[in-house]
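Peer 1: Input structure: model_26.tsv, which contains TSV, C-alpha atoms.
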chain	number	residue	atom	x	y	z
A	1	SER	CA	0.00	0.00	0.00
A	2	ARG	CA	2.82	2.40	0.83
A	3	ARG	CA	4.56	1.68	-2.46
A	4	HIS	CA	1.33	2.22	-4.35
A	5	ARG	CA	0.65	5.53	-2.55
A	6	LEU	CA	4.12	6.83	-3.34
A	7	TYR	CA	3.68	5.80	-6.94
A	8	ARG	CA	0.40	7.73	-7.16
A	9	GLU	CA	1.98	10.80	-5.56
A	10	GLU	CA	4.82	10.66	-8.07
A	11	LEU	CA	2.31	10.54	-10.92
A	12	ASN	CA	0.55	13.64	-9.58
A	13	LEU	CA	3.79	15.61	-9.74
A	14	THR	CA	4.28	14.96	-13.43
A	15	SER	CA	2.42	16.53	-16.32
A	16	PRO	CA	-0.54	14.43	-17.47
A	17	ALA	CA	0.09	12.28	-20.51
A	18	ALA	CA	-1.83	12.89	-23.70
A	19	PRO	CA	-5.16	11.01	-23.71
A	20	LEU	CA	-5.13	7.67	-25.50
A	21	LEU	CA	-7.29	7.43	-28.60
A	22	LEU	CA	-9.15	4.40	-29.85
A	23	GLN	CA	-7.68	3.21	-33.14
A	24	PRO	CA	-10.18	1.69	-35.63
A	25	ASP	CA	-7.49	-0.72	-36.82
A	26	ALA	CA	-6.75	-2.03	-33.31
A	27	SER	CA	-6.19	-5.78	-33.48
A	28	TRP	CA	-8.78	-6.60	-30.81
A	29	LEU	CA	-11.43	-4.59	-32.66
A	30	GLN	CA	-10.58	-6.28	-35.97
A	31	PHE	CA	-10.80	-9.65	-34.19
A	32	HIS	CA	-14.29	-8.79	-32.94
A	33	LEU	CA	-15.39	-7.68	-36.40
A	34	GLY	CA	-14.12	-10.95	-37.90
A	35	ILE	CA	-16.33	-13.24	-35.80
A	36	SER	CA	-18.74	-15.05	-38.11
A	37	ARG	CA	-21.03	-18.06	-38.25
A	38	ASP	CA	-17.96	-20.15	-39.19
A	39	GLY	CA	-16.01	-19.43	-36.00
A	40	LEU	CA	-14.27	-16.80	-33.93
A	41	TYR	CA	-11.87	-15.96	-36.75
A	42	PRO	CA	-11.14	-16.95	-40.37
A	43	ARG	CA	-8.65	-19.72	-41.05
A	44	SER	CA	-5.94	-17.26	-42.13
A	45	SER	CA	-6.54	-14.25	-39.92
A	46	SER	CA	-3.92	-11.52	-39.85
A	47	ALA	CA	-5.94	-9.77	-37.12
A	48	VAL	CA	-5.53	-12.76	-34.77
A	49	ASN	CA	-1.78	-12.91	-35.35
A	50	ARG	CA	-1.54	-9.18	-34.62
A	51	LEU	CA	-3.71	-9.62	-31.54
A	52	LEU	CA	-1.43	-12.34	-30.19
A	53	ARG	CA	1.59	-10.05	-30.65
A	54	ASP	CA	-0.17	-7.10	-29.05
A	55	MET	CA	-1.26	-9.08	-25.98
A	56	GLN	CA	2.33	-10.21	-25.60
A	57	HIS	CA	3.94	-6.77	-25.85
A	58	LEU	CA	1.54	-3.87	-25.21
A	59	GLY	CA	1.72	-2.14	-21.84
A	60	THR	CA	-1.20	-2.37	-19.41
A	61	ILE	CA	-3.19	0.68	-18.35
A	62	SER	CA	-5.48	-0.98	-15.80
A	63	ALA	CA	-6.02	-4.19	-13.86
A	64	ASP	CA	-9.11	-5.37	-12.02
A	65	TYR	CA	-11.06	-8.38	-10.86
A	66	SER	CA	-13.39	-10.08	-13.33
A	67	GLN	CA	-17.13	-9.57	-12.96
A	68	ASP	CA	-17.74	-13.05	-11.57
A	69	GLU	CA	-15.09	-12.52	-8.91
A	70	LYS	CA	-16.64	-9.20	-7.95
A	71	ALA	CA	-19.95	-10.98	-7.51
A	72	LEU	CA	-18.27	-13.54	-5.23
A	73	LEU	CA	-16.12	-11.04	-3.35
A	74	GLY	CA	-16.53	-11.59	0.36
A	75	ALA	CA	-19.44	-13.99	-0.16
A	76	CYS	CA	-17.76	-17.30	-1.02
A	77	ASP	CA	-19.42	-20.35	0.46
A	78	CYS	CA	-16.55	-21.93	2.35
A	79	SER	CA	-18.67	-24.97	3.26
A	80	GLN	CA	-18.71	-25.96	-0.42
A	81	ILE	CA	-14.96	-25.79	-0.88
A	82	VAL	CA	-12.90	-28.95	-0.59
A	83	LYS	CA	-9.49	-27.47	-1.29
A	84	PRO	CA	-8.39	-23.95	-2.20
A	85	SER	CA	-7.42	-24.40	-5.84
A	86	GLY	CA	-6.97	-20.90	-7.19
A	87	VAL	CA	-10.17	-21.04	-9.22
A	88	HIS	CA	-10.82	-17.36	-8.59
A	89	LEU	CA	-7.24	-16.12	-9.03
A	90	LYS	CA	-7.56	-14.31	-12.35
A	91	LEU	CA	-7.54	-10.67	-13.41
A	92	VAL	CA	-8.77	-8.51	-16.26
A	93	LEU	CA	-5.97	-6.48	-17.84
A	94	ARG	CA	-6.57	-3.57	-20.22
A	95	PHE	CA	-3.89	-2.57	-22.71
A	96	GLN	CA	-2.80	0.70	-24.29
A	97	ASP	CA	-5.03	0.06	-27.33
A	98	PHE	CA	-8.04	-0.48	-24.98
A	99	GLY	CA	-8.09	-4.21	-25.67
A	100	LYS	CA	-8.82	-6.49	-22.70
A	101	ALA	CA	-7.55	-9.92	-21.76
A	102	MET	CA	-8.13	-12.40	-18.95
A	103	PHE	CA	-4.88	-13.02	-17.06
A	104	LYS	CA	-4.44	-16.39	-15.36
A	105	PRO	CA	-1.16	-16.71	-13.44
A	106	MET	CA	1.06	-19.79	-13.24
A	107	ARG	CA	-0.16	-22.06	-10.47
A	108	GLN	CA	1.58	-25.31	-11.34
A	109	LYS	CA	4.85	-26.25	-13.01
A	110	ARG	CA	4.63	-27.91	-16.41
A	111	GLU	CA	6.10	-31.21	-15.29
A	112	GLU	CA	3.67	-31.58	-12.37
A	113	GLU	CA	0.68	-33.86	-12.90
A	114	THR	CA	-2.64	-33.46	-11.15
A	115	PRO	CA	-2.61	-35.82	-8.12
A	116	GLU	CA	-4.69	-38.96	-8.64
A	117	ASP	CA	-6.87	-38.25	-5.59
A	118	PHE	CA	-7.93	-34.79	-6.76
A	119	PHE	CA	-11.55	-34.32	-7.77
A	120	TYR	CA	-11.74	-32.57	-11.14
A	121	PHE	CA	-13.67	-29.63	-9.69
A	122	VAL	CA	-10.87	-28.75	-7.27
A	123	ASP	CA	-8.02	-29.19	-9.73
A	124	PHE	CA	-5.53	-26.40	-10.33
A	125	GLN	CA	-6.09	-23.93	-13.12
A	126	ARG	CA	-3.07	-24.07	-15.42
A	127	HIS	CA	-2.05	-21.07	-17.51
A	128	ASN	CA	-0.21	-23.28	-20.03
A	129	ALA	CA	-3.40	-25.33	-20.54
A	130	GLU	CA	-5.21	-22.19	-21.73
A	131	ILE	CA	-2.41	-21.49	-24.21
A	132	ALA	CA	-2.20	-25.06	-25.49
A	133	ALA	CA	-5.99	-25.31	-25.81
A	134	PHE	CA	-6.02	-22.33	-28.20
A	135	HIS	CA	-3.35	-23.90	-30.40
A	136	LEU	CA	-5.10	-27.30	-30.42
A	137	ASP	CA	-8.45	-25.70	-31.25
A	138	ARG	CA	-6.84	-23.91	-34.21
A	139	ILE	CA	-5.14	-27.11	-35.44
A	140	LEU	CA	-8.48	-28.95	-35.28
A	141	ASP	CA	-9.96	-26.10	-37.36
A	142	PHE	CA	-12.69	-25.50	-34.78
A	143	ARG	CA	-11.67	-21.86	-34.12
A	144	ARG	CA	-13.88	-21.70	-31.03
A	145	VAL	CA	-11.27	-20.77	-28.39
A	146	PRO	CA	-10.45	-17.05	-28.03
A	147	PRO	CA	-6.87	-16.12	-29.01
A	148	THR	CA	-4.58	-16.87	-26.08
A	149	VAL	CA	-0.91	-16.14	-25.56
A	150	GLY	CA	1.67	-16.58	-22.83
A	151	ARG	CA	3.42	-13.61	-21.27
A	152	LEU	CA	5.80	-12.72	-18.46
A	153	ILE	CA	3.97	-10.05	-16.46
A	154	ASN	CA	5.69	-7.61	-14.11
A	155	ILE	CA	3.02	-7.84	-11.44
A	156	THR	CA	4.28	-4.72	-9.67
A	157	LYS	CA	4.36	-2.37	-12.65
A	158	GLU	CA	1.67	-3.97	-14.81
A	159	ILE	CA	-0.90	-4.85	-12.13
A	160	LEU	CA	-0.29	-3.20	-8.73
A	161	GLU	CA	0.74	0.21	-10.05
A	162	VAL	CA	-2.05	0.50	-12.61
A	163	THR	CA	-5.02	-0.84	-10.66
A	164	LYS	CA	-7.53	1.49	-9.05
A	165	ASN	CA	-9.19	-1.31	-7.13
A	166	GLU	CA	-8.25	-0.88	-3.47
A	167	ILE	CA	-9.12	-4.47	-2.63
A	168	LEU	CA	-6.75	-5.72	-5.31
A	169	GLN	CA	-4.06	-3.39	-3.99
A	170	SER	CA	-4.53	-4.79	-0.49
A	171	VAL	CA	-3.74	-8.41	-1.42
A	172	PHE	CA	-0.17	-7.68	-2.59
A	173	PHE	CA	2.70	-8.39	-0.24
A	174	VAL	CA	6.41	-9.19	-0.27
A	175	SER	CA	7.36	-12.74	0.69
A	176	PRO	CA	10.29	-13.70	2.98
A	177	ALA	CA	12.23	-14.42	-0.23
A	178	SER	CA	11.65	-10.79	-1.31
A	179	ASN	CA	9.28	-11.82	-4.10
A	180	VAL	CA	6.14	-9.79	-4.81
A	181	CYS	CA	3.00	-11.91	-4.34
A	182	PHE	CA	-0.77	-11.57	-4.39
A	183	PHE	CA	-3.77	-13.75	-3.61
A	184	ALA	CA	-7.50	-13.82	-4.28
A	185	LYS	CA	-9.74	-11.81	-1.94
A	186	CYS	CA	-12.11	-14.57	-0.98
A	187	PRO	CA	-12.60	-16.15	2.47
A	188	TYR	CA	-11.20	-19.56	1.53
A	189	MET	CA	-8.30	-18.08	-0.46
A	190	CYS	CA	-7.41	-15.12	1.75
A	191	LYS	CA	-4.19	-16.65	3.02
A	192	THR	CA	-0.62	-16.05	1.94
A	193	GLU	CA	0.07	-19.77	1.44
A	194	TYR	CA	-2.39	-19.73	-1.48
A	195	ALA	CA	-0.73	-16.76	-3.17
A	196	VAL	CA	1.16	-16.62	-6.44
A	197	CYS	CA	4.55	-14.93	-6.44
A	198	GLY	CA	6.78	-13.27	-8.99
A	199	ASN	CA	10.53	-13.75	-9.26
A	200	PRO	CA	10.82	-11.18	-7.79
A	201	HIS	CA	8.33	-9.21	-9.93
A	202	LEU	CA	7.96	-11.34	-13.09
A	203	LEU	CA	5.24	-13.98	-13.24
A	204	GLU	CA	4.20	-16.29	-16.07
A	205	GLY	CA	0.60	-16.23	-17.13
A	206	SER	CA	-1.85	-16.71	-19.97
A	207	LEU	CA	-3.73	-13.85	-21.61
A	208	SER	CA	-7.01	-14.72	-23.32
A	209	ALA	CA	-8.63	-12.08	-25.51
A	210	PHE	CA	-12.03	-10.82	-24.43
A	211	LEU	CA	-15.04	-11.44	-26.64
A	212	PRO	CA	-17.35	-8.53	-27.57
A	213	SER	CA	-19.41	-7.24	-24.65
A	214	LEU	CA	-22.76	-8.89	-24.00
A	215	ASN	CA	-24.48	-5.60	-24.85
A	216	LEU	CA	-23.10	-5.78	-28.39
A	217	ALA	CA	-23.07	-9.54	-28.89
A	218	PRO	CA	-25.41	-11.40	-26.49
A	219	ARG	CA	-24.49	-14.96	-25.59
A	220	LEU	CA	-26.44	-17.84	-24.11
A	221	SER	CA	-25.01	-19.98	-21.33
A	222	ILE	CA	-26.48	-23.47	-21.54
A	223	PRO	CA	-25.96	-26.48	-19.22
A	224	ASN	CA	-24.05	-29.31	-20.84
A	225	PRO	CA	-26.32	-32.38	-21.23
A	226	TRP	CA	-23.30	-34.44	-20.17
A	227	ILE	CA	-22.58	-32.36	-17.07
A	228	ARG	CA	-20.81	-34.18	-14.26
A	229	SER	CA	-21.96	-34.44	-10.68
A	230	TYR	CA	-20.20	-31.83	-8.56
A	231	SER	CA	-20.25	-33.97	-5.43
A	232	PHE	CA	-18.13	-36.74	-3.98
A	233	ASP	CA	-20.47	-39.65	-4.65
A	234	GLY	CA	-23.25	-38.45	-6.95
A	235	LYS	CA	-23.86	-39.77	-10.46
A	236	GLU	CA	-25.60	-38.13	-13.40
A	237	GLU	CA	-27.97	-40.14	-15.60
A	238	TRP	CA	-25.53	-40.35	-18.53
A	239	GLU	CA	-22.99	-42.03	-16.23
A	240	VAL	CA	-25.33	-44.93	-15.44
A	241	ASN	CA	-27.57	-45.11	-18.50
A	242	PRO	CA	-25.82	-46.12	-21.76
A	243	LEU	CA	-29.00	-45.17	-23.70
A	244	TYR	CA	-29.02	-41.64	-22.30
A	245	CYS	CA	-28.49	-40.11	-25.75
A	246	ASN	CA	-31.90	-41.36	-26.84
A	247	THR	CA	-33.41	-39.06	-24.22
A	248	VAL	CA	-31.27	-36.12	-25.30
A	249	ARG	CA	-32.27	-36.57	-28.94
A	250	GLU	CA	-35.91	-36.01	-27.99
A	251	ILE	CA	-35.23	-32.63	-26.39
A	252	TYR	CA	-35.08	-29.38	-28.33
A	253	PRO	CA	-32.61	-28.16	-29.65
A	254	TYR	CA	-30.82	-31.52	-29.76
A	255	SER	CA	-33.68	-33.12	-31.67
A	256	ASN	CA	-32.69	-31.47	-34.96
A	257	GLY	CA	-29.99	-29.28	-36.45
A	258	ASN	CA	-26.32	-29.62	-35.62
A	259	ARG	CA	-26.32	-28.77	-31.89
A	260	LEU	CA	-25.68	-32.39	-30.92
A	261	LEU	CA	-22.89	-32.61	-33.49
A	262	ASN	CA	-21.32	-29.52	-31.94
A	263	ILE	CA	-21.57	-31.15	-28.50
A	264	VAL	CA	-19.64	-34.14	-29.91
A	265	ASP	CA	-16.99	-31.76	-31.30
A	266	MET	CA	-16.66	-30.21	-27.85
A	267	ALA	CA	-16.36	-33.65	-26.22
A	268	ILE	CA	-13.59	-34.63	-28.65
A	269	PHE	CA	-11.74	-31.41	-27.88
A	270	ASP	CA	-12.14	-31.90	-24.11
A	271	PHE	CA	-11.01	-35.52	-24.30
A	272	LEU	CA	-7.82	-34.54	-26.11
A	273	ILE	CA	-6.93	-31.97	-23.43
A	274	GLY	CA	-8.29	-34.06	-20.54
A	275	ASN	CA	-10.85	-31.46	-19.41
A	276	MET	CA	-13.63	-32.94	-17.25
A	277	ASP	CA	-15.00	-29.58	-16.11
A	278	ARG	CA	-17.29	-28.59	-19.02
A	279	HIS	CA	-20.42	-27.95	-16.97
A	280	HIS	CA	-21.92	-25.50	-19.48
A	281	TYR	CA	-21.27	-24.02	-22.89
A	282	GLU	CA	-21.89	-20.62	-24.47
A	283	MET	CA	-22.97	-19.52	-27.93
A	284	PHE	CA	-23.79	-16.24	-29.67
A	285	THR	CA	-27.52	-15.67	-29.97
A	286	LYS	CA	-27.20	-13.96	-33.36
A	287	PHE	CA	-26.26	-17.20	-35.12
A	288	GLY	CA	-29.33	-19.08	-33.87
A	289	ASP	CA	-29.64	-22.66	-32.69
A	290	ASP	CA	-27.04	-23.99	-35.13
A	291	GLY	CA	-24.32	-21.53	-34.17
A	292	PHE	CA	-20.95	-22.81	-32.99
A	293	LEU	CA	-20.24	-23.52	-29.31
A	294	LEU	CA	-17.57	-21.45	-27.59
A	295	HIS	CA	-14.84	-23.53	-25.95
A	296	LEU	CA	-14.07	-21.26	-22.99
A	297	ASP	CA	-12.21	-21.83	-19.71
A	298	ASN	CA	-9.79	-24.62	-20.57
A	299	ALA	CA	-7.39	-24.14	-17.66
A	300	ARG	CA	-8.22	-27.53	-16.13
A	301	GLY	CA	-6.96	-29.33	-19.20
A	302	PHE	CA	-3.58	-31.04	-19.59
A	303	GLY	CA	-3.51	-32.13	-15.95
A	304	ARG	CA	-2.62	-35.83	-16.30
A	305	HIS	CA	-0.79	-37.08	-19.37
A	306	SER	CA	-0.66	-40.62	-17.97
A	307	HIS	CA	-4.45	-41.05	-17.81
A	308	ASP	CA	-7.08	-40.98	-20.56
A	309	GLU	CA	-10.52	-40.13	-19.14
A	310	THR	CA	-12.67	-41.93	-21.73
A	311	SER	CA	-15.90	-40.90	-20.00
A	312	ILE	CA	-15.39	-37.45	-21.56
A	313	LEU	CA	-16.18	-39.11	-24.92
A	314	ALA	CA	-19.66	-40.17	-23.75
A	315	PRO	CA	-21.47	-37.89	-26.27
A	316	LEU	CA	-19.57	-39.59	-29.11
A	317	SER	CA	-19.79	-43.16	-27.83
A	318	GLN	CA	-23.44	-42.92	-26.73
A	319	CYS	CA	-24.82	-40.93	-29.69
A	320	CYS	CA	-22.53	-42.44	-32.34
A	321	ILE	CA	-22.50	-39.37	-34.58
A	322	ILE	CA	-19.69	-37.14	-35.80
A	323	LYS	CA	-19.26	-34.45	-38.45
A	324	ARG	CA	-17.52	-35.59	-41.61
A	325	THR	CA	-15.23	-32.53	-41.53
A	326	THR	CA	-14.22	-33.33	-37.95
A	327	LEU	CA	-13.53	-36.99	-38.80
A	328	LEU	CA	-11.47	-36.08	-41.86
A	329	ARG	CA	-9.37	-33.66	-39.81
A	330	LEU	CA	-8.78	-36.27	-37.10
A	331	GLN	CA	-7.80	-38.88	-39.67
A	332	LEU	CA	-5.35	-36.43	-41.24
A	333	LEU	CA	-3.78	-35.69	-37.85
A	334	ALA	CA	-3.27	-39.42	-37.34
A	335	GLU	CA	-1.11	-39.66	-40.48
A	336	PRO	CA	2.69	-39.78	-39.89
A	337	ASP	CA	3.30	-36.63	-41.96
A	338	TYR	CA	0.73	-34.61	-40.00
A	339	ARG	CA	0.95	-36.24	-36.57
A	340	LEU	CA	-1.01	-34.22	-34.00
A	341	SER	CA	1.85	-34.12	-31.50
A	342	ASP	CA	4.20	-32.76	-34.17
A	343	MET	CA	1.69	-30.12	-35.26
A	344	MET	CA	1.18	-29.02	-31.66
A	345	ARG	CA	4.89	-28.99	-30.90
A	346	GLU	CA	5.57	-26.77	-33.91
A	347	SER	CA	2.63	-24.47	-33.20
A	348	LEU	CA	3.49	-24.00	-29.52
A	349	LEU	CA	7.05	-22.99	-30.38
A	350	GLN	CA	5.57	-19.68	-31.56
A	351	ASP	CA	4.56	-18.80	-28.00
A	352	HIS	CA	6.82	-16.68	-25.83
A	353	LEU	CA	6.61	-19.19	-22.95
A	354	ALA	CA	7.68	-22.21	-25.02
A	355	PRO	CA	7.91	-25.04	-24.24
A	356	VAL	CA	4.25	-24.77	-23.22
A	357	LEU	CA	3.66	-28.53	-22.82
A	358	THR	CA	5.99	-31.29	-21.75
A	359	GLU	CA	6.74	-34.10	-24.17
A	360	PRO	CA	4.51	-36.66	-22.35
A	361	HIS	CA	1.51	-34.34	-22.80
A	362	LEU	CA	2.24	-34.00	-26.52
A	363	LEU	CA	2.53	-37.76	-26.98
A	364	ALA	CA	-0.70	-38.25	-25.02
A	365	LEU	CA	-2.50	-36.33	-27.78
A	366	ASP	CA	-1.54	-39.01	-30.33
A	367	ARG	CA	-2.69	-41.78	-28.01
A	368	ARG	CA	-6.04	-40.10	-27.32
A	369	LEU	CA	-6.57	-39.39	-31.01
A	370	GLN	CA	-6.33	-43.12	-31.70
A	371	LEU	CA	-8.92	-43.78	-28.98
A	372	ILE	CA	-11.31	-41.31	-30.64
A	373	LEU	CA	-10.89	-42.97	-34.04
A	374	LYS	CA	-11.37	-46.38	-32.42
A	375	ALA	CA	-14.67	-45.17	-30.89
A	376	VAL	CA	-15.82	-43.91	-34.31
A	377	ARG	CA	-14.92	-47.23	-35.97
A	378	LYS	CA	-16.89	-49.10	-33.32
A	379	CYS	CA	-19.92	-46.90	-34.00
A	380	ILE	CA	-19.62	-47.44	-37.76
A	381	ASP	CA	-19.33	-51.20	-37.30
A	382	THR	CA	-22.51	-51.15	-35.22
A	383	HIS	CA	-24.70	-48.63	-37.04
A	384	GLY	CA	-23.12	-48.14	-40.46
A	385	GLU	CA	-21.23	-45.14	-41.80
A	386	ALA	CA	-24.34	-43.45	-43.23
A	387	LYS	CA	-25.89	-43.09	-39.78
A	388	VAL	CA	-22.69	-42.21	-37.91
A	389	VAL	CA	-20.90	-39.74	-40.19
A	390	ALA	CA	-22.96	-36.59	-40.77
A	391	ASN	CA	-22.20	-34.87	-44.07
A	392	ASP	CA	-21.57	-31.21	-43.21
A	393	THR	CA	-19.40	-30.52	-46.26
A	394	GLN	CA	-22.27	-29.40	-48.51
A	395	PRO	CA	-21.94	-25.70	-49.46
A	396	GLN	CA	-24.67	-23.51	-48.05
A	397	ALA	CA	-26.49	-20.69	-49.78
A	398	PRO	CA	-24.55	-17.40	-49.97
A	399	GLY	CA	-25.00	-15.21	-46.95
A	400	THR	CA	-26.24	-17.98	-44.66
A	401	ASP	CA	-23.01	-19.50	-43.42
A	402	ARG	CA	-20.72	-16.53	-42.99
A	403	GLY	CA	-22.96	-13.96	-41.32
A	404	LYS	CA	-20.84	-11.58	-39.28
A	405	LEU	CA	-21.47	-11.14	-35.57
A	406	MET	CA	-21.05	-7.37	-35.59
A	407	THR	CA	-22.51	-5.55	-38.59
What's the structure tokens form of this structure?
Peer 2:
Amino acid sequence: SRRHRLYREELNLTSPAAPLLLQPDASWLQFHLGISRDGLYPRSSSAVNRLLRDMQHLGTISADYSQDEKALLGACDCSQIVKPSGVHLKLVLRFQDFGKAMFKPMRQKREEETPEDFFYFVDFQRHNAEIAAFHLDRILDFRRVPPTVGRLINITKEILEVTKNEILQSVFFVSPASNVCFFAKCPYMCKTEYAVCGNPHLLEGSLSAFLPSLNLAPRLSIPNPWIRSYSFDGKEEWEVNPLYCNTVREIYPYSNGNRLLNIVDMAIFDFLIGNMDRHHYEMFTKFGDDGFLLHLDNARGFGRHSHDETSILAPLSQCCIIKRTTLLRLQLLAEPDYRLSDMMRESLLQDHLAPVLTEPHLLALDRRLQLILKAVRKCIDTHGEAKVVANDTQPQAPGTDRGKLMT
């Protein structure tokens, strides 16, 4: 607090800087304008590449808690918490070009696996999982994960000294090792042993680009039909009923259109990264019932490379349907010349925090890909290819498949 006060006093003694102006060609704005019915960005998007560079290099002008954390501030239900896991330790950073990103700090070293006895809903949130999920999503040609990049943040200069939130200022301290640290302001996290610390000021983290505001681009948040039980011993119907998909198929909007196919895409993505925490999904209302599903909040992926949680594939194995485009892409990534682990390794080398994933995690992707293809083959053997593989490669009428989100 004293350091922050002195910093503010020093600012008051200097002449005010010229006001920052919004630039129409700002990368974050061009990213927003490029969102269409096909995905969050075109396959070859110069705006996304510029956005990744800007999030990595632009200076911050403000830092604050996210809206959900503000809603929880001081009102966390400690009786529901099994283990403080850092779920609420994230910040919203605003850059010089007025773009915003969600900052998730490093909580776990890359070579550390999630302990076997951890429940998935108390697992650590991993910054490198957010980065790797974006690269995997782009390789799969889904383009449903917001652009995400790794960055070394000076938490003193780029968070503490630019925030106006007094509560955020109050959770910074200097550790016995002279490192600057901070923790989440929540009853079950308000302890220094749950803090994250710089070295002494620098801290790794992921930065995920914000989507357009809900006022401009409304989104729906919908419970996942294959949601897991968030208790120690409870079971959901899909976990005990192998014919559960028959029930789902009778419910709108899964009874027609491609919503169920999009759920299968999401399950395939989550299985590859090992994410069991997909309790809901979001989609833009403008694109209607057949719009793509956003793959947000992937920080609980890439926790255990030595274990393949096949229950994540329940939508695929129970419904036995898959998009032809998705299957073709998976088959291509199983070929020796386009091996998924090699594609990921090469893609992740572009990130400033490379290596983002350890080699065992990369090799696990190849193993899990084979399990997905095996599940598809089993479905085809049982039901026939015509019923399993949905042909989504037919061109649609002009203007129906590439409608822009913001016009």
Peer 1: Work out how far apart atom CA of A:Gly99 and atom CA of A:Gln169 are and give it in Å to one decimal.
Peer 2: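 Computing it gives 22.1 Å between the two atoms.
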Peer 1: Ranking A:Gly288, A:Gly234, A:Gly34, A:Pro336 by minimum distance to A:Asp366 and counting only C-alpha atoms, which one comes first?
Peer 2: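 Nearest to A:Asp366: A:Pro336.
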Peer 1: Can you tell me, as a PyMOL selection string, what residues are no more than 12 Å from stretch 245-257 of chain A when counting only C-alpha atoms, ignoring any on the same chain fewer than 2 positions away?
Peer 2: chain A and resi 222+224-226+237-243+259-264+288-292+314-321+390+392
Peer 1: Quick one: pull the distance between atom CA of A:Arg278 and atom CA of A:Glu130, Å, one decimal.
Peer 2: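 Calculated distance between atom CA of A:Arg278 and atom CA of A:Glu130 is 13.9 Å.
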Peer 1: Could you tell me how far atom CA of A:Ser175 lies from atom CA of A:Gln56, in Å and to one decimal?
Peer 2: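 It comes out at 26.9 Å.
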